[in-house]
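One structure below.
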Amino acid sequence: MSKYMKFIKAAVLAIALLAAVGFVGLQYLLSQPAPAGFPILEYHMVQAENPKDAYEYNVPPAEFEAQLDYLEQEGYTTISLRDYLRAKKGLQQLPDKPVILTFDDGYATNYTELLPILERRGLKATIFMVGNDIGKENYMSWDQLKDIQHRGVEIGSHTANHLPLTQMDINTARDEVKLSKLLMEWNGMDTIYTLSYPNGKYNQALTEVLKEEEYLAAVTGDAGLNTFETNPYLLQRINIPHPMFGITEFKWRLIKGRIFTQLGIGQH
């Protein structure tokens, strides 16, 4: 047997061994009591037609409804971020198994295709708007934004221009989070309390800026579960992209959040 073939054989055996160890470890983790906490799910768009330049960000309505069916079967109840914040202060009670549905960017189909699904099922959601995109092509208009808010969808900020906040000086970053909040509030929206970091990028200085600008919470892109002990400016969030493997992939993404919490990976 050549040295090359020996190397290939050893590599295959090593990969098989690692896979076996990983499977056993996964089975062990899942056999343990589930950690405390609830998931926040990160979506972008729910629409029938997949956009050519953002395919990975779209969850088609049929797939989305299958995911909602699964959450219902598992006993989850949707809440808003504001519900979570109020409950943290002792002003209301959370359901036994809460889940928060969040949607970044504020696409027009959030109004035309997502909203009817939410209303038909009586579900809550939070949409994070890019302030300077409101009213542009493919994004919600001011009238749609005001209407969707009055119909039970919470609105938060996704900054003014959707630029990575960690790649700019702190004063420019402050303007990004401040101007988005002011723009929406000056145009008749309810007080903006929450923010989604563009591209999930954050640092400690940004959390201090959010406090100073009167935000109460922010979501990251770090998978995991949330409790009242989680840093409210670094809430864990599980990304839900275009599904390649149907509902099985969705289940595994929820499991990923649980495992990351159990192992303490990127937890706040």
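Letters for chains follow the order of the structure tokens (A, B, ...), residue numbers begin at 1 for each chain, and ligand numbers begin at 1 in the order shown.
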For range 221-234 of chain A, please output as a list of chain:residue names all residues within 8 Å (counting only C-alpha atoms; exclusion window: fewer than 4 positions along the same chain).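 Residues meeting the cut-off are A:Ala36, A:Gly37, A:Phe38, A:Pro39, A:Ile40, A:Glu42, A:Lys88, A:Asn199, A:Gly200, A:Lys201, A:Thr207, A:Leu210, A:Leu216, A:Ala217, A:Ile238, A:Asn239, A:Lys256, A:Gly257, A:Arg258, A:Ile259, A:Phe260, A:Thr261, A:Gly266, A:Gln267, A:His268.
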Can you pull out the residues contacting Ile148 in chain A? Cut-off 9 Å, using only C-alpha atoms, and skip same-chain residues under 6 positions away; I want them as a short mmCIF file (atom, residue, chain, number, x, y, z; two decimals) with N, CA, C and O atoms, in the first residue's frame.
data_model
loop_
_atom_site.label_atom_id
_atom_site.label_comp_id
_atom_site.auth_asym_id
_atom_site.auth_seq_id
_atom_site.Cartn_x
_atom_site.Cartn_y
_atom_site.Cartn_z
N TYR A 111 -44.84 42.95 5.43
CA TYR A 111 -46.20 43.49 5.54
C TYR A 111 -47.18 42.68 4.68
O TYR A 111 -48.26 42.32 5.15
N LEU A 115 -47.18 39.34 7.65
CA LEU A 115 -48.23 39.81 8.56
C LEU A 115 -49.50 38.96 8.50
O LEU A 115 -50.05 38.61 9.57
N GLU A 154 -44.12 44.50 17.08
CA GLU A 154 -43.21 45.44 17.73
C GLU A 154 -42.14 45.90 16.74
O GLU A 154 -41.64 45.09 15.95
N ILE A 155 -41.77 47.16 16.79
CA ILE A 155 -40.76 47.71 15.90
C ILE A 155 -39.52 48.10 16.69
O ILE A 155 -39.60 48.76 17.73
#
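Candidate residues A:Gly264, A:Gly188, A:Gly106, A:Pro116 were compared for distance to His158 in chain A, and the nearest is A:Gly106, using only C-alpha atoms.
If you look at CA of Gly152 in chain A and CA of Gly246 in chain A, they are 28.4 Å away from each other.
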By how many Å are CA of Thr191 in chain A and CA of Arg82 in chain A apart?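 Distance reported for this atom pair: 11.0 Å.
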Return the single residue from A:Leu179, A:Pro241, A:Leu263, A:Thr248 that is closest to Tyr57 in chain A, with distances computed using only C-alpha atoms.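 Once distances to Tyr57 in chain A are computed over only C-alpha atoms, the minimum belongs to A:Pro241.
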List every residue of range 14-229 of chain A that DSSP, applied to the backbone of this structure, places in strand (DSSP E), and write the result as a PyMOL selection string. chain A and resi 40-43+77-78+98-105+125-129+153-157+194-196+217-219
Only N, CA, C and O atoms, please: the residues just picked out, written as a short mmCIF file (atom, residue, chain, number, x, y, z; two decimals), in the first residue's frame.
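And here is the file that came out, out.cif:
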data_model
loop_
_atom_site.label_atom_id
_atom_site.label_comp_id
_atom_site.auth_asym_id
_atom_site.auth_seq_id
_atom_site.Cartn_x
_atom_site.Cartn_y
_atom_site.Cartn_z
N ILE A 40 -34.63 33.19 20.90
CA ILE A 40 -35.01 34.29 20.01
C ILE A 40 -34.56 33.87 18.62
O ILE A 40 -33.39 33.53 18.43
N LEU A 41 -35.47 33.86 17.67
CA LEU A 41 -35.17 33.39 16.31
C LEU A 41 -34.95 34.57 15.38
O LEU A 41 -35.70 35.54 15.41
N GLU A 42 -33.93 34.46 14.55
CA GLU A 42 -33.56 35.54 13.63
C GLU A 42 -33.97 35.19 12.20
O GLU A 42 -33.41 34.29 11.58
N TYR A 43 -34.95 35.91 11.68
CA TYR A 43 -35.37 35.80 10.29
C TYR A 43 -35.07 37.12 9.58
O TYR A 43 -34.71 38.11 10.20
N THR A 77 -45.00 29.67 22.98
CA THR A 77 -45.89 30.81 22.82
C THR A 77 -45.06 32.03 22.46
O THR A 77 -44.06 32.32 23.13
N THR A 78 -45.45 32.74 21.40
CA THR A 78 -44.67 33.91 21.00
C THR A 78 -44.89 35.08 21.95
O THR A 78 -45.99 35.32 22.44
N PRO A 98 -41.69 30.53 26.22
CA PRO A 98 -41.76 31.67 25.29
C PRO A 98 -40.78 31.50 24.14
O PRO A 98 -39.76 30.80 24.25
N VAL A 99 -41.07 32.17 23.05
CA VAL A 99 -40.16 32.27 21.91
C VAL A 99 -40.40 33.63 21.27
O VAL A 99 -41.53 34.12 21.25
N ILE A 100 -39.34 34.27 20.80
CA ILE A 100 -39.47 35.57 20.15
C ILE A 100 -39.09 35.42 18.68
O ILE A 100 -38.00 34.93 18.37
N LEU A 101 -39.98 35.82 17.78
CA LEU A 101 -39.72 35.82 16.35
C LEU A 101 -39.24 37.21 15.96
O LEU A 101 -39.97 38.19 16.15
N THR A 102 -38.04 37.33 15.43
CA THR A 102 -37.53 38.63 15.02
C THR A 102 -37.19 38.61 13.53
O THR A 102 -36.80 37.58 12.98
N PHE A 103 -37.33 39.78 12.90
CA PHE A 103 -37.09 39.92 11.47
C PHE A 103 -36.28 41.18 11.23
O PHE A 103 -36.69 42.28 11.60
N ASP A 104 -35.12 41.02 10.60
CA ASP A 104 -34.24 42.15 10.36
C ASP A 104 -34.52 42.81 9.01
O ASP A 104 -34.91 42.15 8.04
N ASP A 105 -34.29 44.10 8.94
CA ASP A 105 -34.24 44.92 7.73
C ASP A 105 -35.56 45.60 7.35
O ASP A 105 -35.56 46.70 6.83
N ALA A 125 -44.47 39.31 16.96
CA ALA A 125 -43.16 39.35 16.31
C ALA A 125 -42.53 40.72 16.54
O ALA A 125 -43.21 41.67 16.92
N THR A 126 -41.23 40.79 16.28
CA THR A 126 -40.49 42.05 16.36
C THR A 126 -39.73 42.24 15.06
O THR A 126 -39.03 41.33 14.61
N ILE A 127 -39.88 43.42 14.45
CA ILE A 127 -39.18 43.74 13.20
C ILE A 127 -38.21 44.88 13.46
O ILE A 127 -38.58 45.91 14.02
N PHE A 128 -36.95 44.69 13.05
CA PHE A 128 -35.92 45.70 13.22
C PHE A 128 -35.72 46.44 11.91
O PHE A 128 -35.33 45.85 10.90
N MET A 129 -36.00 47.74 11.92
CA MET A 129 -35.99 48.56 10.71
C MET A 129 -34.67 49.30 10.52
O MET A 129 -34.10 49.83 11.47
N VAL A 153 -47.34 44.14 15.89
CA VAL A 153 -45.94 43.82 15.64
C VAL A 153 -45.06 44.90 16.25
O VAL A 153 -45.22 46.08 15.97
N GLU A 154 -44.12 44.50 17.08
CA GLU A 154 -43.21 45.44 17.73
C GLU A 154 -42.14 45.90 16.74
O GLU A 154 -41.64 45.09 15.95
N ILE A 155 -41.77 47.16 16.79
CA ILE A 155 -40.76 47.71 15.90
C ILE A 155 -39.52 48.10 16.69
O ILE A 155 -39.60 48.76 17.73
N GLY A 156 -38.36 47.68 16.19
CA GLY A 156 -37.08 48.06 16.79
C GLY A 156 -36.18 48.67 15.73
O GLY A 156 -36.55 48.79 14.56
N SER A 157 -34.97 49.03 16.12
CA SER A 157 -34.01 49.66 15.23
C SER A 157 -32.97 48.67 14.72
O SER A 157 -32.51 47.79 15.46
N THR A 194 -35.50 48.77 21.35
CA THR A 194 -34.63 47.64 21.07
C THR A 194 -33.88 47.81 19.76
O THR A 194 -34.31 48.55 18.87
N LEU A 195 -32.76 47.10 19.63
CA LEU A 195 -31.91 47.20 18.46
C LEU A 195 -31.35 45.85 18.08
O LEU A 195 -31.08 45.01 18.95
N SER A 196 -31.15 45.65 16.78
CA SER A 196 -30.43 44.49 16.26
C SER A 196 -29.13 44.99 15.66
O SER A 196 -29.12 45.85 14.78
N ALA A 217 -32.60 47.08 25.20
CA ALA A 217 -32.14 45.73 24.85
C ALA A 217 -31.63 45.72 23.42
O ALA A 217 -31.96 46.58 22.60
N ALA A 218 -30.79 44.71 23.13
CA ALA A 218 -30.28 44.52 21.77
C ALA A 218 -30.01 43.04 21.55
O ALA A 218 -29.67 42.31 22.50
N VAL A 219 -30.17 42.59 20.30
CA VAL A 219 -29.95 41.19 19.96
C VAL A 219 -28.67 41.03 19.14
O VAL A 219 -28.34 41.88 18.31
#
Using only C-alpha atoms, find each residue in range 101-212 of chain A having at least one atom no more than 12 Å away from range 49-52 of chain A; report its shortest atom-to-atom pair and that distance in Å (one decimal), rows by chain then rising number, as a tab-separated table.
residue	atom	partner	partner_atom	distance
A:Tyr107	CA	A:Pro51	CA	11.6
A:Thr109	CA	A:Glu49	CA	10.1
A:Glu113	CA	A:Glu49	CA	10.6
A:Asn138	CA	A:Pro51	CA	10.7
Using only C-alpha atoms, which of A:Gln73, A:Pro95, A:Thr159, A:Leu114 sits nearest Val59 in chain A?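 Between A:Gln73, A:Pro95, A:Thr159, A:Leu114, the residue approaching Val59 in chain A most closely is A:Leu114.
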Can you list, as a ChimeraX atom specification, every protein, DNA or RNA residue that comes within 9 Å of Glu214 in chain A when you count only C-alpha atoms, leaving out same-chain residues fewer than 3 positions away? /A:192-193,209-211
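CA of Ser180 in chain A is positioned 7.1 Å from CA of Val130 in chain A.
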Considering only helix (DSSP H, G or I) as DSSP defines it on the backbone, what residues of range 78-263 of chain A qualify? List them as a ChimeraX atom specification. /A:81-88,109-121,131-133,142-150,165-167,170-186,198-200,204-212,246-263
Nearest residue to Asn171 in chain A out of A:Met45, A:Ala205, A:Leu254, A:Leu81, using only C-alpha atoms?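 Checking each candidate against Asn171 in chain A, we get A:Ala205 as the closest.
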Measuring atom to atom with only C-alpha atoms, identify which of A:Lys89, A:Arg121, A:Arg174, A:Arg237 is nearest to Glu72 in chain A.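 Of A:Lys89, A:Arg121, A:Arg174, A:Arg237, the one nearest Glu72 in chain A is A:Arg121, counting only C-alpha atoms.
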